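**Q** Got a structure for you, final28.cif, holding mmCIF, C-alpha atoms.
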```cif
data_upload
#
loop_
_atom_site.label_atom_id
_atom_site.label_comp_id
_atom_site.auth_asym_id
_atom_site.auth_seq_id
_atom_site.Cartn_x
_atom_site.Cartn_y
_atom_site.Cartn_z
CA MET A 15 15.40 17.64 -22.12
CA ALA A 16 13.44 16.06 -24.92
CA PHE A 17 10.27 14.75 -23.31
CA ILE A 18 9.32 15.43 -19.72
CA LYS A 19 5.93 14.71 -18.17
CA LEU A 20 4.48 14.87 -14.68
CA THR A 21 1.55 12.55 -13.97
CA TYR A 22 -0.63 13.54 -11.03
CA PHE A 23 -4.15 14.30 -9.84
CA ASN A 24 -5.81 17.53 -10.98
CA CYS A 25 -4.68 19.42 -7.89
CA LYS A 26 -1.63 21.13 -6.46
CA GLY A 27 -0.91 18.67 -3.61
CA LEU A 28 2.48 17.00 -3.93
CA GLY A 29 2.91 17.83 -7.61
CA GLU A 30 2.75 21.62 -7.67
CA VAL A 31 6.32 22.22 -6.47
CA THR A 32 7.67 20.34 -9.48
CA ARG A 33 5.33 22.15 -11.88
CA MET A 34 6.41 25.52 -10.45
CA LEU A 35 10.11 24.62 -10.68
CA PHE A 36 9.95 23.53 -14.31
CA MET A 37 7.81 26.54 -15.25
CA TYR A 38 10.32 28.83 -13.52
CA GLY A 39 13.08 27.28 -15.61
CA GLY A 40 11.15 27.56 -18.85
CA VAL A 41 11.10 23.77 -19.25
CA ASP A 42 8.42 22.45 -21.60
CA LEU A 43 6.73 20.19 -19.04
CA ILE A 44 3.74 18.06 -20.01
CA ASP A 45 1.44 18.63 -17.04
CA TYR A 46 -0.70 15.50 -17.27
CA ARG A 47 -3.64 15.44 -14.84
CA PHE A 48 -5.73 12.30 -14.72
CA LYS A 49 -9.36 12.26 -13.61
CA ASP A 50 -10.11 11.15 -10.06
CA GLU A 51 -12.32 8.34 -11.37
CA ASP A 52 -9.40 6.91 -13.37
CA TRP A 53 -7.13 6.70 -10.32
CA PRO A 54 -7.90 3.07 -9.31
CA LYS A 55 -6.81 1.90 -12.77
CA ILE A 56 -3.77 4.20 -12.97
CA LYS A 57 -2.70 3.28 -9.43
CA GLN A 58 -1.96 -0.28 -10.53
CA ASN A 59 0.67 0.96 -12.96
CA MET A 60 2.43 3.29 -10.54
CA PRO A 61 5.82 2.07 -9.22
CA PHE A 62 4.61 1.91 -5.61
CA GLY A 63 0.91 2.65 -6.11
CA GLN A 64 1.43 6.39 -5.70
CA THR A 65 1.68 9.62 -7.71
CA PRO A 66 3.20 11.92 -8.79
CA ILE A 67 5.53 10.20 -11.20
CA LEU A 68 7.94 11.86 -13.59
CA THR A 69 8.56 10.49 -17.07
CA VAL A 70 11.72 11.60 -18.86
CA ASP A 71 12.46 10.12 -22.28
CA GLY A 72 10.55 6.93 -21.41
CA LYS A 73 12.09 6.42 -17.97
CA ILE A 74 9.82 6.68 -14.92
CA ALA A 75 10.56 7.89 -11.39
CA ASN A 76 8.34 8.10 -8.32
CA GLN A 77 8.45 10.06 -5.01
CA SER A 78 7.41 13.71 -5.03
CA VAL A 79 10.37 15.11 -3.08
CA ALA A 80 12.94 13.22 -5.14
CA ILE A 81 11.24 14.47 -8.32
CA ALA A 82 11.24 18.06 -7.05
CA ARG A 83 14.98 17.81 -6.22
CA TYR A 84 15.65 16.60 -9.77
CA ALA A 85 13.61 19.48 -11.20
CA ALA A 86 15.52 21.93 -8.98
CA LYS A 87 18.85 20.70 -10.38
CA LYS A 88 17.58 21.21 -13.92
CA VAL A 89 16.51 24.81 -13.23
CA LYS A 90 19.51 25.62 -11.02
CA LEU A 91 17.74 26.22 -7.71
CA VAL A 92 19.92 23.91 -5.62
CA GLY A 93 22.65 24.93 -3.16
CA SER A 94 26.15 26.11 -4.03
CA ASN A 95 27.84 23.31 -2.08
CA ASP A 96 27.07 20.08 -0.22
CA TRP A 97 26.31 21.83 3.06
CA GLU A 98 23.77 24.17 1.45
CA ASP A 99 22.13 21.17 -0.20
CA LEU A 100 21.96 19.48 3.21
CA GLU A 101 20.27 22.58 4.64
CA ILE A 102 17.75 22.56 1.78
CA ASP A 103 17.11 18.81 2.00
CA ALA A 104 16.64 19.01 5.79
CA ILE A 105 14.06 21.78 5.66
CA VAL A 106 12.19 20.09 2.82
CA ASP A 107 12.03 16.80 4.75
CA THR A 108 10.94 18.73 7.84
CA ILE A 109 8.04 20.34 5.96
CA ASN A 110 7.24 16.89 4.61
CA ASP A 111 7.13 15.51 8.18
CA PHE A 112 4.75 18.35 9.03
CA ARG A 113 2.59 17.38 6.04
CA ILE A 114 2.46 13.74 7.17
CA LYS A 115 1.40 14.77 10.70
CA ILE A 116 -1.37 16.92 9.25
CA GLN A 117 -2.52 14.09 6.96
CA LEU A 118 -2.69 11.65 9.89
CA TYR A 119 -5.40 13.88 11.29
CA ALA A 120 -7.08 15.04 8.08
CA TYR A 121 -7.40 11.64 6.41
CA GLU A 122 -8.38 9.65 9.51
CA GLN A 123 -11.66 7.89 8.73
CA ASP A 124 -12.58 6.95 12.30
CA ALA A 125 -14.25 10.00 13.87
CA ALA A 126 -13.28 9.03 17.43
CA ILE A 127 -9.61 8.55 16.55
CA LYS A 128 -9.64 11.78 14.56
CA GLU A 129 -11.01 13.65 17.56
CA THR A 130 -8.13 12.43 19.77
CA ARG A 131 -5.66 13.82 17.25
CA LYS A 132 -7.27 17.24 16.99
CA ASP A 133 -5.84 18.98 20.05
CA PRO A 134 -2.31 17.60 19.69
CA LEU A 135 -2.27 18.79 16.08
CA PHE A 136 -3.80 22.24 16.50
CA GLN A 137 -2.47 23.07 19.97
CA GLU A 138 1.01 21.57 19.76
CA ILE A 139 2.25 20.29 16.40
CA ILE A 140 1.13 23.16 14.16
CA PRO A 141 2.30 25.97 16.51
CA PHE A 142 5.62 24.15 17.08
CA TYR A 143 6.45 23.72 13.39
CA LEU A 144 5.28 27.21 12.43
CA ARG A 145 7.31 28.84 15.20
CA LYS A 146 10.49 26.96 14.25
CA LEU A 147 10.01 27.47 10.50
CA GLU A 148 9.23 31.17 11.01
CA GLU A 149 12.51 31.59 12.94
CA ILE A 150 14.43 29.93 10.13
CA ALA A 151 12.74 32.12 7.51
CA GLU A 152 13.62 35.21 9.52
CA GLN A 153 17.26 34.15 9.94
CA ASN A 154 17.50 33.48 6.20
CA GLY A 155 15.97 36.80 5.15
CA GLY A 156 12.70 35.47 3.74
CA HIS A 157 14.12 32.16 2.54
CA LEU A 158 14.16 28.71 4.10
CA ALA A 159 17.79 27.75 3.50
CA ALA A 160 21.15 29.17 2.52
CA ALA A 161 19.82 32.76 2.83
CA LYS A 162 18.81 32.78 -0.83
CA LEU A 163 16.17 31.55 -3.24
CA THR A 164 16.29 27.74 -3.51
CA TRP A 165 13.85 24.94 -4.20
CA ALA A 166 13.14 24.78 -0.44
CA ASP A 167 11.19 28.04 -0.90
CA PHE A 168 9.38 26.52 -3.89
CA PHE A 169 8.57 23.47 -1.78
CA LEU A 170 6.68 25.58 0.76
CA ALA A 171 5.04 27.73 -1.92
CA GLY A 172 3.96 24.60 -3.81
CA ILE A 173 2.45 22.74 -0.85
CA ILE A 174 0.94 25.47 1.35
CA ASP A 175 -2.48 25.63 -0.37
CA TYR A 176 -2.82 21.87 0.07
CA LEU A 177 -1.87 22.05 3.76
CA ASP A 178 -4.28 24.96 4.32
CA HIS A 179 -7.00 22.89 2.68
CA LEU A 180 -6.30 19.85 4.89
CA VAL A 181 -6.63 21.84 8.12
CA GLY A 182 -9.23 24.37 6.93
CA MET A 183 -7.22 27.42 7.96
CA ASN A 184 -4.64 29.92 6.73
CA LEU A 185 -1.58 28.34 8.33
CA LEU A 186 0.79 31.23 7.61
CA GLU A 187 -1.61 33.97 8.80
CA ASN A 188 0.63 35.02 11.68
CA SER A 189 4.00 34.13 10.15
CA PRO A 190 5.19 37.19 8.17
CA ASN A 191 8.57 35.68 7.28
CA LEU A 192 7.01 32.48 5.93
CA GLN A 193 4.54 34.61 3.98
CA GLN A 194 7.58 36.37 2.53
CA VAL A 195 9.09 33.02 1.50
CA VAL A 196 5.94 32.20 -0.47
CA GLN A 197 5.70 35.72 -1.87
CA ASN A 198 9.29 35.57 -3.11
CA VAL A 199 8.37 32.52 -5.17
CA VAL A 200 4.93 33.43 -6.49
CA SER A 201 6.07 36.88 -7.58
CA LEU A 202 8.79 35.51 -9.87
CA PRO A 203 7.54 36.46 -13.38
CA LYS A 204 7.40 32.95 -14.84
CA VAL A 205 5.80 31.51 -11.70
CA LYS A 206 3.32 34.38 -11.63
CA THR A 207 2.33 33.61 -15.22
CA TRP A 208 1.99 29.91 -14.43
CA ILE A 209 -0.29 30.63 -11.49
CA LYS A 210 -2.53 32.67 -13.79
CA VAL A 211 -2.81 30.02 -16.50
CA ARG A 212 -2.77 26.79 -14.50
CA PRO A 213 -6.02 24.87 -13.86
CA GLN A 214 -7.71 26.44 -10.85
CA THR A 215 -8.00 23.93 -8.02
CA GLU A 216 -8.47 24.43 -4.31
CA ALA A 217 -5.85 22.06 -2.90
CA MET B 5 36.60 17.48 7.01
CA ALA B 6 37.84 18.89 10.26
CA PHE B 7 35.24 17.97 12.86
CA ILE B 8 32.24 15.80 12.14
CA LYS B 9 29.88 14.34 14.72
CA LEU B 10 26.65 12.38 14.62
CA THR B 11 24.40 12.74 17.68
CA TYR B 12 21.86 9.96 18.14
CA PHE B 13 20.48 7.33 20.50
CA ASN B 14 22.62 4.28 21.31
CA CYS B 15 21.02 2.23 18.56
CA LYS B 16 21.15 1.72 14.82
CA GLY B 17 17.71 3.15 13.95
CA LEU B 18 17.88 6.17 11.67
CA GLY B 19 21.56 6.88 12.38
CA GLU B 20 23.30 3.72 11.29
CA VAL B 21 23.24 4.44 7.55
CA THR B 22 25.26 7.61 8.13
CA ARG B 23 27.71 5.83 10.45
CA MET B 24 28.21 3.07 7.86
CA LEU B 25 28.73 5.58 5.04
CA PHE B 26 31.36 7.60 6.89
CA MET B 27 33.12 4.44 8.10
CA TYR B 28 33.15 3.13 4.53
CA GLY B 29 34.82 6.36 3.42
CA GLY B 30 37.38 6.31 6.21
CA VAL B 31 36.00 9.56 7.66
CA ASP B 32 36.89 10.19 11.30
CA LEU B 33 33.30 10.45 12.54
CA ILE B 34 32.58 11.18 16.19
CA ASP B 35 29.81 8.67 16.91
CA TYR B 36 28.15 10.37 19.87
CA ARG B 37 25.44 8.27 21.54
CA PHE B 38 23.50 9.86 24.35
CA LYS B 39 21.79 7.87 27.10
CA ASP B 40 18.04 7.28 26.80
CA GLU B 41 17.47 9.04 30.13
CA ASP B 42 19.13 12.21 28.81
CA TRP B 43 16.84 12.42 25.80
CA PRO B 44 14.15 14.73 27.27
CA LYS B 45 16.86 17.32 27.99
CA ILE B 46 18.67 16.88 24.68
CA LYS B 47 15.38 16.96 22.74
CA GLN B 48 14.86 20.62 23.67
CA ASN B 49 18.06 21.59 21.87
CA MET B 50 17.37 19.65 18.69
CA PRO B 51 16.34 21.78 15.65
CA PHE B 52 12.90 20.16 15.41
CA GLY B 53 12.94 18.04 18.58
CA GLN B 54 14.39 15.03 16.75
CA THR B 55 17.63 13.15 16.20
CA PRO B 56 19.92 12.30 14.53
CA ILE B 57 21.70 15.59 13.96
CA LEU B 58 25.01 16.09 12.22
CA THR B 59 27.53 18.66 13.42
CA VAL B 60 30.22 19.77 10.96
CA ASP B 61 32.65 22.48 12.10
CA GLY B 62 30.07 23.93 14.48
CA LYS B 63 27.16 23.93 12.04
CA ILE B 64 24.19 21.67 12.78
CA ALA B 65 21.82 19.85 10.43
CA ASN B 66 18.82 17.64 11.14
CA GLN B 67 16.86 14.99 9.18
CA SER B 68 18.33 11.50 8.88
CA VAL B 69 17.85 11.04 5.13
CA ALA B 70 19.29 14.47 4.29
CA ILE B 71 22.28 13.71 6.53
CA ALA B 72 22.83 10.33 4.88
CA ARG B 73 22.74 11.94 1.42
CA TYR B 74 25.39 14.44 2.55
CA ALA B 75 27.55 11.59 3.89
CA ALA B 76 27.11 9.70 0.61
CA LYS B 77 28.41 12.70 -1.36
CA LYS B 78 31.48 12.87 0.88
CA VAL B 79 32.30 9.17 0.37
CA LYS B 80 31.34 9.15 -3.32
CA LEU B 81 28.40 6.76 -3.22
CA VAL B 82 25.97 8.96 -5.12
CA GLY B 83 24.84 8.55 -8.73
CA SER B 84 26.81 9.45 -11.85
CA ASN B 85 24.18 11.90 -13.10
CA ASP B 86 20.95 13.60 -12.06
CA TRP B 87 18.75 10.73 -13.18
CA GLU B 88 20.71 8.16 -11.16
CA ASP B 89 20.45 10.45 -8.13
CA LEU B 90 16.70 10.64 -8.70
CA GLU B 91 16.53 6.83 -8.80
CA ILE B 92 18.49 6.64 -5.54
CA ASP B 93 16.47 9.38 -3.83
CA ALA B 94 13.19 7.77 -4.89
CA ILE B 95 14.06 4.33 -3.54
CA VAL B 96 15.37 5.82 -0.28
CA ASP B 97 12.17 7.82 0.22
CA THR B 98 10.15 4.71 -0.62
CA ILE B 99 11.95 2.68 2.06
CA ASN B 100 11.38 5.61 4.40
CA ASP B 101 7.63 5.52 3.63
CA PHE B 102 7.72 1.81 4.43
CA ARG B 103 9.43 2.60 7.74
CA ILE B 104 6.77 5.18 8.64
CA LYS B 105 3.96 2.70 7.90
CA ILE B 106 5.65 0.13 10.14
CA GLN B 107 6.12 2.70 12.91
CA LEU B 108 2.43 3.67 12.78
CA TYR B 109 1.70 0.13 13.88
CA ALA B 110 4.68 -0.53 16.15
CA TYR B 111 4.52 2.70 18.17
CA GLU B 112 0.72 2.87 18.52
CA GLN B 113 -0.04 3.08 22.25
CA ASP B 114 -3.75 2.29 22.04
CA ALA B 115 -4.07 -1.53 21.90
CA ALA B 116 -7.40 -1.48 20.05
CA ILE B 117 -6.13 0.89 17.35
CA LYS B 118 -2.93 -1.14 17.05
CA GLU B 119 -4.95 -4.30 16.49
CA THR B 120 -6.86 -2.71 13.59
CA ARG B 121 -3.55 -1.90 11.91
CA LYS B 122 -2.07 -5.38 12.27
CA ASP B 123 -3.68 -7.18 9.32
CA PRO B 124 -3.28 -4.30 6.85
CA LEU B 125 0.41 -4.08 7.76
CA PHE B 126 1.31 -7.78 7.80
CA GLN B 127 -1.07 -9.00 5.08
CA GLU B 128 -0.88 -6.10 2.65
CA ILE B 129 1.70 -3.37 3.23
CA ILE B 130 4.74 -5.52 4.09
CA PRO B 131 4.20 -8.07 1.28
CA PHE B 132 3.53 -5.25 -1.21
CA TYR B 133 6.71 -3.29 -0.42
CA LEU B 134 8.90 -6.39 -0.21
CA ARG B 135 7.65 -7.73 -3.53
CA LYS B 136 8.24 -4.42 -5.31
CA LEU B 137 11.64 -3.83 -3.70
CA GLU B 138 12.72 -7.40 -4.42
CA GLU B 139 11.87 -6.90 -8.11
CA ILE B 140 13.95 -3.72 -8.20
CA ALA B 141 16.89 -5.43 -6.48
CA GLU B 142 16.72 -8.24 -9.01
CA GLN B 143 16.59 -5.85 -11.97
CA ASN B 144 19.59 -3.97 -10.56
CA GLY B 145 21.70 -7.06 -9.95
CA GLY B 146 21.69 -6.99 -6.15
CA HIS B 147 21.49 -3.21 -5.85
CA LEU B 148 18.58 -0.84 -5.32
CA ALA B 149 19.38 1.81 -7.92
CA ALA B 150 21.56 2.49 -10.96
CA ALA B 151 22.63 -1.19 -11.09
CA LYS B 152 25.63 -0.46 -8.87
CA LEU B 153 26.64 0.16 -5.28
CA THR B 154 25.16 3.44 -4.02
CA TRP B 155 24.00 4.87 -0.72
CA ALA B 156 20.53 3.45 -1.46
CA ASP B 157 22.01 0.02 -0.66
CA PHE B 158 23.56 1.44 2.52
CA PHE B 159 20.18 2.89 3.44
CA LEU B 160 18.56 -0.55 3.44
CA ALA B 161 21.55 -2.19 5.16
CA GLY B 162 21.54 0.52 7.83
CA ILE B 163 17.83 0.40 8.65
CA ILE B 164 16.87 -3.26 8.25
CA ASP B 165 17.75 -4.38 11.80
CA TYR B 166 15.59 -1.57 13.16
CA LEU B 167 12.66 -2.52 10.91
CA ASP B 168 13.02 -6.21 11.84
CA HIS B 169 12.95 -5.20 15.50
CA LEU B 170 9.79 -3.10 15.07
CA VAL B 171 7.83 -5.96 13.51
CA GLY B 172 9.50 -8.86 15.35
CA MET B 173 10.39 -10.80 12.23
CA ASN B 174 13.11 -11.28 9.62
CA LEU B 175 11.61 -9.11 6.89
CA LEU B 176 14.03 -10.19 4.15
CA GLU B 177 13.78 -13.93 4.89
CA ASN B 178 12.19 -14.73 1.51
CA SER B 179 13.80 -11.95 -0.53
CA PRO B 180 17.12 -13.28 -1.84
CA ASN B 181 17.88 -10.19 -3.93
CA LEU B 182 17.29 -7.82 -1.04
CA GLN B 183 19.47 -10.06 1.13
CA GLN B 184 22.12 -9.65 -1.56
CA VAL B 185 21.79 -5.85 -1.38
CA VAL B 186 22.50 -5.96 2.35
CA GLN B 187 25.27 -8.53 1.92
CA ASN B 188 26.99 -6.36 -0.69
CA VAL B 189 27.21 -3.57 1.88
CA VAL B 190 28.08 -5.44 5.07
CA SER B 191 30.83 -7.43 3.33
CA LEU B 192 32.73 -4.30 2.29
CA PRO B 193 35.96 -4.50 4.35
CA LYS B 194 35.60 -1.17 6.19
CA VAL B 195 31.90 -1.74 6.88
CA LYS B 196 32.67 -5.27 8.07
CA THR B 197 35.23 -3.91 10.52
CA TRP B 198 32.79 -1.26 11.73
CA ILE B 199 30.09 -3.88 12.36
CA LYS B 200 32.60 -5.83 14.49
CA VAL B 201 33.68 -2.87 16.63
CA ARG B 202 30.46 -0.85 16.91
CA PRO B 203 28.41 -0.93 20.13
CA GLN B 204 26.18 -4.00 19.96
CA THR B 205 22.52 -2.99 19.98
CA GLU B 206 19.42 -4.84 18.85
CA ALA B 207 17.64 -2.16 16.85
#
```
What would the structure in this file look like if it were written as structure tokens?

**A**
Amino acid sequence: MAFIKLTYFNCKGLGEVTRMLFMYGGVDLIDYRFKDEDWPKIKQNMPFGQTPILTVDGKIANQSVAIARYAAKKVKLVGSNDWEDLEIDAIVDTINDFRIKIQLYAYEQDAAIKETRKDPLFQEIIPFYLRKLEEIAEQNGGHLAAAKLTWADFFLAGIIDYLDHLVGMNLLENSPNLQQVVQNVVSLPKVKTWIKVRPQTEA
Amino acid sequence: MAFIKLTYFNCKGLGEVTRMLFMYGGVDLIDYRFKDEDWPKIKQNMPFGQTPILTVDGKIANQSVAIARYAAKKVKLVGSNDWEDLEIDAIVDTINDFRIKIQLYAYEQDAAIKETRKDPLFQEIIPFYLRKLEEIAEQNGGHLAAAKLTWADFFLAGIIDYLDHLVGMNLLENSPNLQQVVQNVVSLPKVKTWIKVRPQTEA
């Protein structure tokens, strides 16, 4: 690949999975992070008003999950057949659903509405997703799909700090198998190096 | 494929794209539709409490978009290379974002909250997405990605009746290129036959 650039905020958020994937594959990614104050201007030039976007040889694509899937193909962390890819895609979209449910609480501006969402999120939604995901990680031997390292594991490892930040807790504290999924990713030598050198941000 | 079954409500909703794709490919899909009153019982056995699910030779997968992508691979309606697949995936996830924004209004139980979401949805979100999508359909000659027939077109054709139902309007009324996208799908002989014989449901 000649020229490949990710444009996103200076945070992990929805962009970190793609950064980690390209770094794992030794791809020379341009990790472009705009300043928060420039966002209103940049937003107008985004395909659907959102980031991240990926630029490859002058062509632009949006949607964080689609971009991560593309990165995973380039660094060979997809499934071995269509069914494995379905397993990976399903777990990634499930974690993404979980993220959206968390955001509906975390980003709610109206304090009264936010309060009504608190118990359902912390008492039901979070325990439900963590229990189900933990079972899957256990069945797959410390992975989320296909019983081996795939970009589904990177997806969790890339987004977990952001999710923790949104809810103000260590979501995986009592989920040893999900901790193992993350550990399997962040201990890969090239990912480990990336984590050391990347800009330090909370979320 | 030996045995392949889609389990979903008796409606188009998030399942119809997969039905249309398999019917297009001449795949012998078991189109299992449970009764609404059986849902609470069935829900407990769903991987993450949601449908549709796809069963292939005893293995189960969840997540409607992931399932549709798998179907598209089987009937050869994916892109010709990784970039085309990224284009397709991005537009599908964008339409899915649009669907979620519509649902946040349509399924809101609290009348006061629902009212606050009405103007942003009908005055801003819907016109914004339709304008952007219409531009893309025009640029791609009546398709949503890669300037040719792909499962992205099926995705819109499969979900549009459901979206129209949620908002109580004909969303594509003033979008001739998006109408063309849908028309290009529903006029395919095998899809046309399927639309004639399928159970008639509103959404």

**Q** Report, in Å with one decimal, the straight-line distance from atom CA of B:Asp89 to atom CA of B:Tyr166.

**A**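 For atom CA of B:Asp89 relative to atom CA of B:Tyr166, the distance reads 24.9 Å.
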
**Q** At a cut-off of 9 Å, using only C-alpha atoms, what residues contact stretch 178-184 of chain A? Leave out same-chain residues fewer than 5 positions from it and give the result as an MDAnalysis selection string.

**A** chainID A and resid 116:117 119:121 136 173 216:217

**Q** Assuming the chain letters and numbering stay as they are in my file, what does the PyMOL selection byres ((chain A) within 9 of (chain B)) actually select? List them as an NGL selection string.

**A** :A and (61-62 or 75-81 or 83-84 or 87-88 or 96-97 or 99-105 or 107-108 or 127 or 142-143 or 146)

**Q** Got time to write the residues from that selection, C-alpha atoms, as a compact mmCIF listing (two decimals), keeping the file's coordinate frame?

**A**
```txt
# COMPACT_ATOMS: atom_id res chain seq x y z
CA PRO A 61 5.82 2.07 -9.22
CA PHE A 62 4.61 1.91 -5.61
CA ALA A 75 10.56 7.89 -11.39
CA ASN A 76 8.34 8.10 -8.32
CA GLN A 77 8.45 10.06 -5.01
CA SER A 78 7.41 13.71 -5.03
CA VAL A 79 10.37 15.11 -3.08
CA ALA A 80 12.94 13.22 -5.14
CA ILE A 81 11.24 14.47 -8.32
CA ARG A 83 14.98 17.81 -6.22
CA TYR A 84 15.65 16.60 -9.77
CA LYS A 87 18.85 20.70 -10.38
CA LYS A 88 17.58 21.21 -13.92
CA ASP A 96 27.07 20.08 -0.22
CA TRP A 97 26.31 21.83 3.06
CA ASP A 99 22.13 21.17 -0.20
CA LEU A 100 21.96 19.48 3.21
CA GLU A 101 20.27 22.58 4.64
CA ILE A 102 17.75 22.56 1.78
CA ASP A 103 17.11 18.81 2.00
CA ALA A 104 16.64 19.01 5.79
CA ILE A 105 14.06 21.78 5.66
CA ASP A 107 12.03 16.80 4.75
CA THR A 108 10.94 18.73 7.84
CA ILE A 127 -9.61 8.55 16.55
CA PHE A 142 5.62 24.15 17.08
CA TYR A 143 6.45 23.72 13.39
CA LYS A 146 10.49 26.96 14.25
```

**Q** Between atom CA of A:Leu186 and atom CA of A:Tyr22, what is the distance, to one decimal in Å?

**A**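 A separation of 25.7 Å between them.
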
**Q** Given all atoms listed in the file as the basis, pick out the residue of A:Phe23, A:Thr130, A:Pro141, A:Pro213 nearest to A:Glu51.

**A**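 Nearest candidate to A:Glu51 out of A:Phe23, A:Thr130, A:Pro141, A:Pro213: A:Phe23.
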
**Q** With the input short on atoms, add N, CA and C atoms back to stretch 158-172 of chain B and write it as a tab-separated table (two decimals), in the frame of the given file.

**A**
```tsv
chain	number	residue	atom	x	y	z
B	158	PHE	N	23.20	1.17	1.12
B	158	PHE	CA	23.56	1.44	2.52
B	158	PHE	C	22.32	1.78	3.34
B	159	PHE	N	21.39	2.49	2.71
B	159	PHE	CA	20.18	2.89	3.44
B	159	PHE	C	19.42	1.66	3.92
B	160	LEU	N	19.25	0.68	3.04
B	160	LEU	CA	18.56	-0.55	3.44
B	160	LEU	C	19.38	-1.31	4.49
B	161	ALA	N	20.69	-1.45	4.23
B	161	ALA	CA	21.55	-2.19	5.16
B	161	ALA	C	21.57	-1.53	6.54
B	162	GLY	N	21.48	-0.20	6.56
B	162	GLY	CA	21.54	0.52	7.83
B	162	GLY	C	20.26	0.45	8.64
B	163	ILE	N	19.12	0.29	7.96
B	163	ILE	CA	17.83	0.40	8.65
B	163	ILE	C	17.16	-0.96	8.89
B	164	ILE	N	17.63	-2.01	8.23
B	164	ILE	CA	16.87	-3.26	8.25
B	164	ILE	C	16.76	-3.89	9.64
B	165	ASP	N	17.83	-3.81	10.45
B	165	ASP	CA	17.75	-4.38	11.80
B	165	ASP	C	16.68	-3.67	12.64
B	166	TYR	N	16.59	-2.36	12.45
B	166	TYR	CA	15.59	-1.57	13.16
B	166	TYR	C	14.18	-1.97	12.73
B	167	LEU	N	13.98	-2.12	11.42
B	167	LEU	CA	12.66	-2.52	10.91
B	167	LEU	C	12.29	-3.92	11.40
B	168	ASP	N	13.26	-4.84	11.33
B	168	ASP	CA	13.02	-6.21	11.84
B	168	ASP	C	12.59	-6.17	13.30
B	169	HIS	N	13.26	-5.33	14.07
B	169	HIS	CA	12.95	-5.20	15.50
B	169	HIS	C	11.52	-4.68	15.70
B	170	LEU	N	11.13	-3.70	14.90
B	170	LEU	CA	9.79	-3.10	15.07
B	170	LEU	C	8.67	-4.10	14.80
B	171	VAL	N	8.89	-5.00	13.85
B	171	VAL	CA	7.83	-5.96	13.51
B	171	VAL	C	8.06	-7.35	14.10
B	172	GLY	N	9.22	-7.57	14.72
B	172	GLY	CA	9.50	-8.86	15.35
B	172	GLY	C	9.62	-10.00	14.36
```
